[in-house]
file input-v1.cif (mmCIF, C-alpha atoms)
data_work
#
loop_
_atom_site.label_atom_id
_atom_site.label_comp_id
_atom_site.auth_asym_id
_atom_site.auth_seq_id
_atom_site.Cartn_x
_atom_site.Cartn_y
_atom_site.Cartn_z
CA MET A 1 0.63 26.67 -11.23
CA ASN A 2 -2.80 25.50 -10.11
CA ARG A 3 -2.60 22.99 -7.25
CA TYR A 4 -4.91 20.46 -8.93
CA ILE A 5 -3.01 20.58 -12.23
CA ARG A 6 0.29 20.25 -10.36
CA LYS A 7 -1.14 17.17 -8.59
CA LEU A 8 -2.04 15.67 -11.98
CA GLN A 9 1.49 16.34 -13.25
CA THR A 10 3.00 14.71 -10.16
CA GLU A 11 0.82 11.67 -10.77
CA HIS A 12 2.10 11.67 -14.36
CA GLU A 13 5.68 11.65 -13.06
CA HIS A 14 4.90 8.58 -10.94
CA GLY A 15 3.27 6.97 -13.97
CA ILE A 16 6.34 7.58 -16.15
CA VAL A 17 8.56 5.92 -13.52
CA GLN A 18 6.23 2.91 -13.38
CA LEU A 19 6.17 2.68 -17.18
CA GLY A 20 9.98 2.61 -17.15
CA PHE A 21 9.93 -0.31 -14.71
CA LEU A 22 7.37 -2.13 -16.87
CA ASP A 23 9.30 -1.50 -20.06
CA ASP A 24 12.61 -2.66 -18.57
CA ALA A 25 11.15 -5.78 -16.92
CA THR A 26 9.32 -7.01 -20.04
CA GLN A 27 12.34 -6.24 -22.20
CA ARG A 28 14.62 -8.31 -19.93
CA MET A 29 12.18 -11.24 -19.89
CA ASN A 30 11.81 -11.06 -23.66
CA GLN A 31 15.60 -11.28 -24.03
CA LYS A 32 16.61 -13.58 -21.16
CA GLY A 33 13.47 -15.57 -20.39
CA PHE A 34 11.13 -15.62 -17.43
CA SER A 35 12.29 -14.07 -14.17
CA GLU A 36 10.25 -14.17 -10.97
CA GLU A 37 11.61 -10.75 -9.96
CA ASP A 38 10.74 -9.13 -13.30
CA PHE A 39 7.34 -10.80 -13.34
CA LYS A 40 6.55 -9.24 -9.94
CA ILE A 41 7.43 -5.84 -11.41
CA VAL A 42 5.12 -6.52 -14.37
CA LYS A 43 2.21 -7.43 -12.09
CA LYS A 44 2.87 -4.42 -9.84
CA SER A 45 2.87 -2.15 -12.91
CA SER A 46 -0.41 -3.62 -14.11
CA ALA A 47 -1.96 -3.03 -10.68
CA PHE A 48 -0.61 0.56 -10.67
CA ILE A 49 -2.23 1.23 -14.05
CA SER A 50 -5.48 -0.47 -13.01
CA ASN A 51 -5.73 1.52 -9.79
CA GLU A 52 -3.73 4.75 -9.68
CA ILE A 53 -3.90 5.59 -13.39
CA ARG A 54 -7.59 4.72 -13.54
CA GLN A 55 -8.35 7.00 -10.56
CA HIS A 56 -6.23 9.74 -12.15
CA ASN A 57 -8.11 9.46 -15.45
CA GLU A 58 -11.48 9.46 -13.71
CA SER A 59 -10.50 12.58 -11.78
CA GLU A 60 -9.59 14.35 -15.03
CA GLU A 61 -12.88 13.30 -16.64
CA ILE A 62 -14.98 14.35 -13.66
CA ASN A 63 -13.19 17.54 -12.59
CA LEU A 64 -11.03 19.05 -15.33
CA PHE A 65 -12.57 18.05 -18.65
CA PRO A 66 -16.10 19.42 -18.00
CA LEU A 67 -14.62 22.80 -17.06
CA LEU A 68 -12.52 22.85 -20.22
CA GLU A 69 -15.54 21.86 -22.29
CA ASN A 70 -17.27 25.06 -21.13
CA HIS A 71 -14.67 26.87 -23.26
CA LEU A 72 -13.82 24.36 -26.00
CA SER A 73 -15.65 22.28 -28.54
CA GLN A 74 -16.94 19.03 -27.09
CA ASN A 75 -15.15 17.30 -29.97
CA GLY A 76 -11.87 18.97 -29.05
CA PRO A 77 -8.86 17.91 -27.01
CA THR A 78 -10.84 16.54 -24.06
CA GLN A 79 -12.62 14.14 -26.39
CA VAL A 80 -9.24 12.90 -27.66
CA MET A 81 -8.04 12.39 -24.07
CA ARG A 82 -11.23 10.51 -23.13
CA ALA A 83 -10.82 8.28 -26.20
CA GLU A 84 -7.20 7.55 -25.24
CA HIS A 85 -8.36 6.61 -21.73
CA ARG A 86 -10.72 4.03 -23.29
CA ILE A 87 -8.00 2.72 -25.61
CA LEU A 88 -5.73 2.30 -22.58
CA TRP A 89 -8.31 0.13 -20.78
CA ASN A 90 -8.67 -2.08 -23.85
CA LYS A 91 -4.89 -2.44 -24.07
CA LEU A 92 -4.71 -3.17 -20.35
CA ASN A 93 -7.25 -5.99 -20.76
CA LYS A 94 -5.03 -7.57 -23.44
CA PHE A 95 -1.97 -7.02 -21.27
CA ASP A 96 -3.64 -8.67 -18.26
CA LYS A 97 -4.53 -11.66 -20.47
CA SER A 98 -0.88 -11.93 -21.50
CA ILE A 99 0.12 -11.82 -17.80
CA ALA A 100 -2.27 -14.72 -17.13
CA ASP A 101 -0.83 -16.61 -20.11
CA VAL A 102 2.72 -16.24 -18.79
CA GLU A 103 1.53 -17.31 -15.34
CA SER A 104 0.10 -20.48 -16.87
CA ASP A 105 3.32 -21.34 -18.74
CA LYS A 106 6.38 -19.36 -17.68
CA ASN A 107 8.66 -20.93 -20.26
CA ASN A 108 6.46 -20.29 -23.30
CA LEU A 109 8.49 -17.89 -25.45
CA GLU A 110 5.42 -16.83 -27.45
CA PHE A 111 3.66 -15.81 -24.22
CA LEU A 112 6.72 -13.78 -23.17
CA LYS A 113 6.83 -12.13 -26.60
CA ASN A 114 3.13 -11.22 -26.35
CA LEU A 115 3.67 -9.86 -22.84
CA ARG A 116 6.44 -7.63 -24.17
CA SER A 117 4.45 -6.36 -27.17
CA ASN A 118 1.35 -5.66 -25.07
CA ALA A 119 3.47 -3.85 -22.48
CA GLN A 120 5.13 -1.81 -25.23
CA ARG A 121 1.74 -0.69 -26.55
CA ILE A 122 0.76 0.56 -23.10
CA VAL A 123 4.10 2.28 -22.53
CA ASP A 124 3.90 4.02 -25.91
CA LEU A 125 0.26 5.11 -25.53
CA LEU A 126 0.59 6.35 -21.96
CA SER A 127 3.90 8.13 -22.59
CA GLU A 128 2.40 10.04 -25.52
CA HIS A 129 -0.82 10.70 -23.61
CA ILE A 130 1.04 12.12 -20.62
CA TYR A 131 3.17 14.28 -22.91
CA LYS A 132 0.05 15.75 -24.56
CA GLU A 133 -1.62 16.50 -21.26
CA ASN A 134 1.48 18.03 -19.64
CA ASN A 135 2.51 20.11 -22.65
CA ILE A 136 -0.77 20.97 -24.35
CA LEU A 137 -3.88 20.34 -22.27
CA PHE A 138 -2.72 21.55 -18.86
CA PRO A 139 -1.12 24.80 -20.10
CA MET A 140 -4.30 25.39 -22.15
CA ALA A 141 -6.41 24.84 -19.03
CA GLU A 142 -4.43 27.39 -17.05
CA LYS A 143 -4.81 29.86 -19.88
CA ILE A 144 -8.53 29.52 -20.67
CA LEU A 145 -10.19 28.58 -17.38
CA THR A 146 -11.62 31.44 -15.37
CA GLU A 147 -10.21 32.44 -12.01
CA ASN A 148 -13.24 30.83 -10.31
CA GLU A 149 -12.82 27.58 -12.25
CA LEU A 150 -9.12 27.43 -11.36
CA LYS A 151 -10.01 28.13 -7.73
CA LEU A 152 -12.57 25.32 -7.80
CA LEU A 153 -9.90 22.92 -9.15
CA ALA A 154 -7.39 24.10 -6.52
CA GLU A 155 -9.89 23.20 -3.80
CA ILE A 156 -10.12 19.65 -5.23
CA GLY A 157 -6.34 19.33 -5.50
#
call {"tool": "encode", "arguments": {"input": "input-v1.cif", "output": "structure tokens"}}
result
Amino acid sequence: MNRYIRKLQTEHEHGIVQLGFLDDATQRMNQKGFSEEDFKIVKKSSAFISNEIRQHNESEEINLFPLLENHLSQNGPTQVMRAEHRILWNKLNKFDKSIADVESDKNNLEFLKNLRSNAQRIVDLLSEHIYKENNILFPMAEKILTENELKLLAEIG
């Protein structure tokens, strides 16, 4: 497997772990009420998405997608992935607002419910997105990219 693509998959694995933490923490708070420990997990997950996931997505858009677009329609799978990246950032903005709401009133059950539903939207979107990239886009890339293009990616990775 290409070193760059393997790096992306490893980053996906870290993302899935973080999504599990986020999902569990917001689920517990939705059921049992605010918890300082769970809220720290939520904020750490948001920071992970804002930083690591954003850098990961930018790397794909700068390095991998243009090479794939040399071989595929510009309205093909890379366009879907780019659109999902944008949807994620919109969902993250709503999620960050719900974090701020909870911070302002930790005992507000409506705020905790919104935190949970916004977290669930991110978990669902990112889980599906990662699945598509790992099982469709990355194998396609290894199949259709030229030896030189794969070598170029390996040098980045």
call {"tool": "residues_around", "arguments": {"input": "input-v1.cif", "residues": "stretch 16-19 of chain A", "least_positions_apart": "6", "cutoff": "9 Å", "atoms": "only C-alpha atoms", "output": "list in words"}}
result
Lys44, Ser45, Phe48, Ile49, Ala119, Ile122, Val123, Leu126, Ser127 and Ile130 of chain A
call {"tool": "residues_around", "arguments": {"input": "input-v1.cif", "residues": "A:Leu88", "least_positions_apart": "5", "cutoff": "12 Å", "atoms": "only C-alpha atoms", "output": "JSON, numbers by chain"}}
result
{"A": [46, 49, 50, 53, 54, 57, 81, 82, 83, 93, 94, 95, 96, 118, 119, 120, 121, 122, 123, 124, 125, 126, 127, 128, 129]}
call {"tool": "residues_near_point", "arguments": {"input": "input-v1.cif", "point": "(-5.3, 23.2, -11.4)", "cutoff": "9 Å", "atoms": "only C-alpha atoms", "output": "list in words"}}
result
Met1, Asn2, Arg3, Tyr4, Ile5, Arg6, Lys7, Leu8, Leu64, Phe138, Ala141, Glu142, Glu149, Leu150, Lys151, Leu152, Leu153, Ala154, Glu155, Ile156 and Gly157 of chain A
call {"tool": "write_last_selection", "arguments": {"input": "input-v1.cif", "atoms": "C-alpha atoms", "output": "PDB file, keeping the file's coordinate frame"}}
result
ATOM      1  CA  MET A   1       0.630  26.670 -11.230  1.00  0.00           C
ATOM      2  CA  ASN A   2      -2.800  25.500 -10.110  1.00  0.00           C
ATOM      3  CA  ARG A   3      -2.600  22.990  -7.250  1.00  0.00           C
ATOM      4  CA  TYR A   4      -4.910  20.460  -8.930  1.00  0.00           C
ATOM      5  CA  ILE A   5      -3.010  20.580 -12.230  1.00  0.00           C
ATOM      6  CA  ARG A   6       0.290  20.250 -10.360  1.00  0.00           C
ATOM      7  CA  LYS A   7      -1.140  17.170  -8.590  1.00  0.00           C
ATOM      8  CA  LEU A   8      -2.040  15.670 -11.980  1.00  0.00           C
ATOM      9  CA  LEU A  64     -11.030  19.050 -15.330  1.00  0.00           C
ATOM     10  CA  PHE A 138      -2.720  21.550 -18.860  1.00  0.00           C
ATOM     11  CA  ALA A 141      -6.410  24.840 -19.030  1.00  0.00           C
ATOM     12  CA  GLU A 142      -4.430  27.390 -17.050  1.00  0.00           C
ATOM     13  CA  GLU A 149     -12.820  27.580 -12.250  1.00  0.00           C
ATOM     14  CA  LEU A 150      -9.120  27.430 -11.360  1.00  0.00           C
ATOM     15  CA  LYS A 151     -10.010  28.130  -7.730  1.00  0.00           C
ATOM     16  CA  LEU A 152     -12.570  25.320  -7.800  1.00  0.00           C
ATOM     17  CA  LEU A 153      -9.900  22.920  -9.150  1.00  0.00           C
ATOM     18  CA  ALA A 154      -7.390  24.100  -6.520  1.00  0.00           C
ATOM     19  CA  GLU A 155      -9.890  23.200  -3.800  1.00  0.00           C
ATOM     20  CA  ILE A 156     -10.120  19.650  -5.230  1.00  0.00           C
ATOM     21  CA  GLY A 157      -6.340  19.330  -5.500  1.00  0.00           C
TER      22      GLY A 157
END
call {"tool": "residues_around", "arguments": {"input": "input-v1.cif", "residues": "A:Glu61", "least_positions_apart": "4", "cutoff": "10 Å", "atoms": "all atoms listed in the file", "output": "PyMOL selection string"}}
result
chain A and resi 55-57+65-67+78-79+81-82+85
call {"tool": "axis_aligned_box", "arguments": {"input": "input-v1.cif", "around": "stretch 49-56 of chain A", "padding_each_side": "6 Å", "output": "lines of an AutoDock Vina configuration file"}}
result
center_x = -5.3
center_y = 4.6
center_z = -11.9
size_x = 18.1
size_y = 22.2
size_z = 16.4
call {"tool": "residues_around", "arguments": {"input": "input-v1.cif", "residues": "stretch 23-30 of chain A", "least_positions_apart": "4", "cutoff": "6 Å", "atoms": "all atoms listed in the file", "output": "list in words"}}
result
Leu19, Phe34, Asp38, Leu112, Lys113 and Arg116 of chain A
call {"tool": "closest_residue", "arguments": {"input": "input-v1.cif", "among": "A:Asn51, A:Thr10, A:Ser59, A:Ser35", "to": "A:Val102", "atoms": "all atoms listed in the file"}}
result
A:Ser35
